[in-house]
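Below you'll find the structure, written out as structure tokens, and then a few comments.
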Amino acid sequence: MQPILLGIPGLEYQGFMECEASFLLSLMNSVERGVTENRKPPQYPDRSWWSILMMEPIKDIPSIDPIQAPLVKLTRASLINIPIADPTYGKYSIRMNQEVDPITEINNVISTIITEAQSRPVIASINALDRFLHTKPQLKCEIYNQLDRALRTLIMKGDITHIILFSPYGNPQGGPEEGNHSDYGIYIATITRPRHEDTVKVHEIGYLFNQAVEDVMTNQGS
């Protein structure tokens, strides 16, 4: 499969241990890992994802077609369920409310990733944690374990060239309209983060994914 950038807003390392997510716990100990930092409440998913797609910190939402964003133009990636609009943007798209249950979103995103990544890089988002945990925190471990099983299915297929699994911020806090989350998310990847002693800023994830795509293109051309 071609390189995959998969964001899961609201995912954090503490949840791996709290919910005994066995595959995620093993994954974090087997590949490059770090911490993403997003210290600017409100931390809304659209602003966070636009910073990645634009490859720079943003103050205002860009008024461009997402396929014209620098990261998409550079990588020619397929977009799946990106929460820059409501409904989300891409090959698979749902409303950001709770009308679609977590397991349906998770499984459909993973299956779409597997299909699309056969021929081109993929940029995807699973938004179940952000959609549900602001108002139903009791669902946390149920969703974590659903994610754990789905990510095992994706990664154990064994033919992924590069993958970046990240969250732009951590656990949801308060109501969804407030945009409050823990400041720190996860970074687990086959691409080394720029500074081992430092956190990964959200817009840097775009550069790291472009690096992954360039690495695959270079190897395929050699």
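Ordered as shown in the structure tokens, chains take letters A, B, and onward, while each chain numbers its residues from 1 and ligands are numbered from 1 in the order shown.
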Write out as an NGL selection string all residues of range 46-148 of chain A that backbone DSSP assigns to strand (DSSP E). :A and (78-80 or 122-125)
What would the file look like if the residues just selected were written as a PDB file, in the first residue's frame with N, CA and C atoms?
```
ATOM      1  N   SER A  78      -5.439  10.725  -1.764  1.00  0.00           N
ATOM      2  CA  SER A  78      -6.888  10.583  -1.658  1.00  0.00           C
ATOM      3  C   SER A  78      -7.313  11.003  -0.253  1.00  0.00           C
ATOM      4  N   LEU A  79      -8.343  11.841  -0.154  1.00  0.00           N
ATOM      5  CA  LEU A  79      -8.826  12.314   1.143  1.00  0.00           C
ATOM      6  C   LEU A  79     -10.035  11.494   1.579  1.00  0.00           C
ATOM      7  N   ILE A  80     -10.057  11.137   2.863  1.00  0.00           N
ATOM      8  CA  ILE A  80     -11.117  10.285   3.412  1.00  0.00           C
ATOM      9  C   ILE A  80     -11.585  10.847   4.750  1.00  0.00           C
ATOM     10  N   VAL A 122      -2.806   8.164   0.961  1.00  0.00           N
ATOM     11  CA  VAL A 122      -4.097   8.410   1.599  1.00  0.00           C
ATOM     12  C   VAL A 122      -3.932   9.326   2.803  1.00  0.00           C
ATOM     13  N   ILE A 123      -4.835  10.291   2.908  1.00  0.00           N
ATOM     14  CA  ILE A 123      -4.955  11.148   4.095  1.00  0.00           C
ATOM     15  C   ILE A 123      -6.355  10.929   4.641  1.00  0.00           C
ATOM     16  N   ALA A 124      -6.466  10.425   5.864  1.00  0.00           N
ATOM     17  CA  ALA A 124      -7.769  10.027   6.402  1.00  0.00           C
ATOM     18  C   ALA A 124      -7.914  10.441   7.860  1.00  0.00           C
ATOM     19  N   SER A 125      -9.158  10.502   8.294  1.00  0.00           N
ATOM     20  CA  SER A 125      -9.448  10.836   9.692  1.00  0.00           C
ATOM     21  C   SER A 125     -10.566   9.943  10.208  1.00  0.00           C
TER      22      SER A 125
END
```
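Using only C-alpha atoms, the residues found no farther than 8 Å from range 207-214 of chain A, other than those of its own chain fewer than 6 positions away, are A:Gln2, A:Pro3, A:Leu5, A:Met55, A:Leu71, A:Leu74, A:Thr75, A:Pro121, A:His162, A:Ile164, A:Ile191, A:Arg193.
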CA of Val109 in chain A to CA of Met54 in chain A, distance in Å rounded to a single decimal: 22.5 Å
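Nearest residue to Phe166 in chain A, choosing from A:Ile114, A:Val200, A:Ile61, A:Ala150 and counting only C-alpha atoms: A:Val200.
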Residues within 12 Å of His181 in chain A, only C-alpha atoms, excluding chain neighbours under 5 positions, as a PyMOL selection string: chain A and resi 9-12+37-45+129-130+133-134+167-176
So that I can see what lies close to range 83-87 of chain A, please list as a PyMOL selection string the residues with an atom at most 9 Å from it, counting only C-alpha atoms and leaving out residues fewer than 3 positions away in the same chain. chain A and resi 45-50+61+66+93-97+125-127
Go ahead and write the selection's residues with C-alpha atoms as an mmCIF file, in the first residue's frame.
```cif
data_model
loop_
_atom_site.group_PDB
_atom_site.id
_atom_site.type_symbol
_atom_site.label_atom_id
_atom_site.label_comp_id
_atom_site.auth_asym_id
_atom_site.auth_seq_id
_atom_site.Cartn_x
_atom_site.Cartn_y
_atom_site.Cartn_z
ATOM 1 C CA PRO A 45 -10.814 19.605 14.241
ATOM 2 C CA ASP A 46 -11.243 21.761 11.106
ATOM 3 C CA ARG A 47 -8.523 24.248 12.100
ATOM 4 C CA SER A 48 -6.168 21.458 13.125
ATOM 5 C CA TRP A 49 -6.637 19.576 9.858
ATOM 6 C CA TRP A 50 -6.340 22.727 7.745
ATOM 7 C CA ILE A 61 -10.084 28.768 7.620
ATOM 8 C CA PRO A 66 -9.065 21.052 -0.256
ATOM 9 C CA SER A 93 -18.113 11.326 4.409
ATOM 10 C CA ILE A 94 -20.430 11.612 7.431
ATOM 11 C CA ARG A 95 -21.963 14.306 9.597
ATOM 12 C CA MET A 96 -19.972 15.342 12.656
ATOM 13 C CA ASN A 97 -22.951 14.715 14.935
ATOM 14 C CA SER A 125 -9.448 10.836 9.692
ATOM 15 C CA ILE A 126 -11.485 8.805 12.181
ATOM 16 C CA ASN A 127 -13.539 11.230 14.252
#
```
Set the distance at 12 Å and use only C-alpha atoms: which residues neighbour Met28 in chain A once local chain neighbours fewer than 3 positions away are removed? I'd like the list as a ChimeraX atom specification. /A:12-14,16-17,21-25,31-35,164-166,186-190
What does the distance from CA of Asp183 in chain A to CA of Lys201 in chain A come to in Å, to one decimal? 11.0 Å
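CA of His203 in chain A sits 29.5 Å away from CA of Leu139 in chain A.
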Which residues come within 8 Å of Ile143 in chain A, counting only C-alpha atoms, excluding same-chain residues fewer than 6 positions away, as an NGL selection string? :A and (102-103 or 128-129)
Would you write out those residues with N, CA and C atoms, as a short mmCIF file (atom, residue, chain, number, x, y, z; two decimals), in the first residue's frame?
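Wrote again.cif, looks like this:
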```cif
data_model
loop_
_atom_site.label_atom_id
_atom_site.label_comp_id
_atom_site.auth_asym_id
_atom_site.auth_seq_id
_atom_site.Cartn_x
_atom_site.Cartn_y
_atom_site.Cartn_z
N PRO A 102 -19.93 4.81 16.28
CA PRO A 102 -18.47 4.75 16.14
C PRO A 102 -17.97 3.60 15.29
N ILE A 103 -18.48 2.39 15.51
CA ILE A 103 -17.94 1.24 14.80
C ILE A 103 -18.21 1.31 13.30
N ALA A 128 -14.53 9.46 15.60
CA ALA A 128 -15.48 8.92 16.58
C ALA A 128 -15.23 9.45 17.99
N LEU A 129 -13.97 9.52 18.41
CA LEU A 129 -13.68 10.00 19.76
C LEU A 129 -14.16 11.44 19.94
#
```
Identify all residues of range 108-138 of chain A in helix (DSSP H, G or I) (DSSP on the backbone) and supply them as an MDAnalysis selection string. chainID A and resid 108:116 128:132 137:138
Export, as a short mmCIF file (atom, residue, chain, number, x, y, z; two decimals), in the first residue's frame, the selected residues with all heavy atoms.
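Wrote result-v2.cif, looks like this:
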```
data_model
loop_
_atom_site.label_atom_id
_atom_site.label_comp_id
_atom_site.auth_asym_id
_atom_site.auth_seq_id
_atom_site.Cartn_x
_atom_site.Cartn_y
_atom_site.Cartn_z
N ASN A 108 -15.75 1.69 8.15
CA ASN A 108 -15.85 2.22 6.79
C ASN A 108 -14.62 3.03 6.40
O ASN A 108 -14.18 2.98 5.24
CB ASN A 108 -17.11 3.08 6.64
CG ASN A 108 -18.37 2.24 6.53
OD1 ASN A 108 -18.32 1.07 6.15
ND2 ASN A 108 -19.51 2.81 6.86
N VAL A 109 -14.06 3.78 7.34
CA VAL A 109 -12.83 4.51 7.04
C VAL A 109 -11.69 3.54 6.76
O VAL A 109 -10.94 3.69 5.78
CB VAL A 109 -12.46 5.48 8.18
CG1 VAL A 109 -11.05 6.04 7.98
CG2 VAL A 109 -13.45 6.63 8.26
N ILE A 110 -11.54 2.52 7.60
CA ILE A 110 -10.45 1.56 7.41
C ILE A 110 -10.59 0.83 6.08
O ILE A 110 -9.60 0.67 5.33
CB ILE A 110 -10.40 0.54 8.57
CG1 ILE A 110 -10.03 1.25 9.89
CG2 ILE A 110 -9.43 -0.59 8.27
CD1 ILE A 110 -8.65 1.88 9.91
N SER A 111 -11.79 0.40 5.73
CA SER A 111 -11.97 -0.30 4.45
C SER A 111 -11.70 0.62 3.26
O SER A 111 -11.13 0.19 2.25
CB SER A 111 -13.37 -0.91 4.37
OG SER A 111 -14.36 0.10 4.36
N THR A 112 -12.08 1.90 3.39
CA THR A 112 -11.81 2.85 2.30
C THR A 112 -10.31 3.11 2.18
O THR A 112 -9.78 3.23 1.06
CB THR A 112 -12.58 4.16 2.54
OG1 THR A 112 -13.96 3.89 2.76
CG2 THR A 112 -12.46 5.09 1.33
N ILE A 113 -9.62 3.22 3.31
CA ILE A 113 -8.16 3.38 3.28
C ILE A 113 -7.51 2.22 2.52
O ILE A 113 -6.66 2.41 1.65
CB ILE A 113 -7.58 3.47 4.70
CG1 ILE A 113 -7.96 4.79 5.36
CG2 ILE A 113 -6.05 3.31 4.68
CD1 ILE A 113 -7.58 4.86 6.84
N ILE A 114 -7.90 1.00 2.88
CA ILE A 114 -7.30 -0.19 2.25
C ILE A 114 -7.52 -0.17 0.74
O ILE A 114 -6.61 -0.48 -0.04
CB ILE A 114 -7.87 -1.46 2.90
CG1 ILE A 114 -7.36 -1.57 4.35
CG2 ILE A 114 -7.48 -2.70 2.09
CD1 ILE A 114 -8.04 -2.66 5.16
N THR A 115 -8.70 0.22 0.31
CA THR A 115 -8.99 0.29 -1.12
C THR A 115 -8.19 1.37 -1.81
O THR A 115 -7.53 1.14 -2.84
CB THR A 115 -10.50 0.54 -1.35
OG1 THR A 115 -11.25 -0.54 -0.79
CG2 THR A 115 -10.82 0.66 -2.83
N GLU A 116 -8.22 2.59 -1.26
CA GLU A 116 -7.56 3.72 -1.91
C GLU A 116 -6.05 3.60 -1.91
O GLU A 116 -5.38 4.00 -2.87
CB GLU A 116 -7.99 5.02 -1.21
CG GLU A 116 -9.43 5.42 -1.44
CD GLU A 116 -9.70 5.77 -2.89
OE1 GLU A 116 -9.01 6.65 -3.43
OE2 GLU A 116 -10.60 5.14 -3.49
N ALA A 128 -14.53 9.46 15.60
CA ALA A 128 -15.48 8.92 16.58
C ALA A 128 -15.23 9.45 17.99
O ALA A 128 -16.18 9.78 18.71
CB ALA A 128 -15.44 7.39 16.57
N LEU A 129 -13.97 9.52 18.41
CA LEU A 129 -13.68 10.00 19.76
C LEU A 129 -14.16 11.44 19.94
O LEU A 129 -14.79 11.78 20.95
CB LEU A 129 -12.18 9.91 20.06
CG LEU A 129 -11.60 8.50 20.19
CD1 LEU A 129 -10.09 8.57 20.26
CD2 LEU A 129 -12.15 7.80 21.43
N ASP A 130 -13.87 12.28 18.95
CA ASP A 130 -14.25 13.69 19.04
C ASP A 130 -15.77 13.86 18.94
O ASP A 130 -16.34 14.76 19.56
CB ASP A 130 -13.55 14.49 17.94
CG ASP A 130 -13.02 15.82 18.44
OD1 ASP A 130 -13.15 16.11 19.64
OD2 ASP A 130 -12.44 16.56 17.63
N ARG A 131 -16.42 13.02 18.17
CA ARG A 131 -17.87 13.14 18.01
C ARG A 131 -18.63 12.71 19.26
O ARG A 131 -19.69 13.26 19.57
CB ARG A 131 -18.35 12.30 16.81
CG ARG A 131 -17.92 12.83 15.46
CD ARG A 131 -18.65 12.17 14.31
NE ARG A 131 -18.46 10.73 14.24
CZ ARG A 131 -19.43 9.83 14.38
NH1 ARG A 131 -20.68 10.21 14.60
NH2 ARG A 131 -19.16 8.54 14.29
N PHE A 132 -18.09 11.73 20.00
CA PHE A 132 -18.87 11.14 21.10
C PHE A 132 -18.38 11.51 22.50
O PHE A 132 -19.20 11.65 23.42
CB PHE A 132 -18.89 9.62 20.96
CG PHE A 132 -19.86 9.14 19.93
CD1 PHE A 132 -19.48 9.01 18.60
CD2 PHE A 132 -21.17 8.83 20.26
CE1 PHE A 132 -20.37 8.57 17.63
CE2 PHE A 132 -22.09 8.40 19.30
CZ PHE A 132 -21.69 8.28 17.99
N PRO A 137 -18.58 10.48 27.74
CA PRO A 137 -17.23 10.00 28.09
C PRO A 137 -17.21 8.54 28.52
O PRO A 137 -16.15 7.90 28.48
CB PRO A 137 -16.81 10.93 29.22
CG PRO A 137 -18.08 11.50 29.77
CD PRO A 137 -19.01 11.59 28.61
N GLN A 138 -18.37 8.00 28.91
CA GLN A 138 -18.42 6.60 29.34
C GLN A 138 -18.16 5.64 28.19
O GLN A 138 -17.89 4.45 28.41
CB GLN A 138 -19.78 6.29 29.99
CG GLN A 138 -20.96 6.28 29.03
CD GLN A 138 -21.59 7.66 28.82
OE1 GLN A 138 -20.97 8.68 29.14
NE2 GLN A 138 -22.80 7.68 28.31
#
```
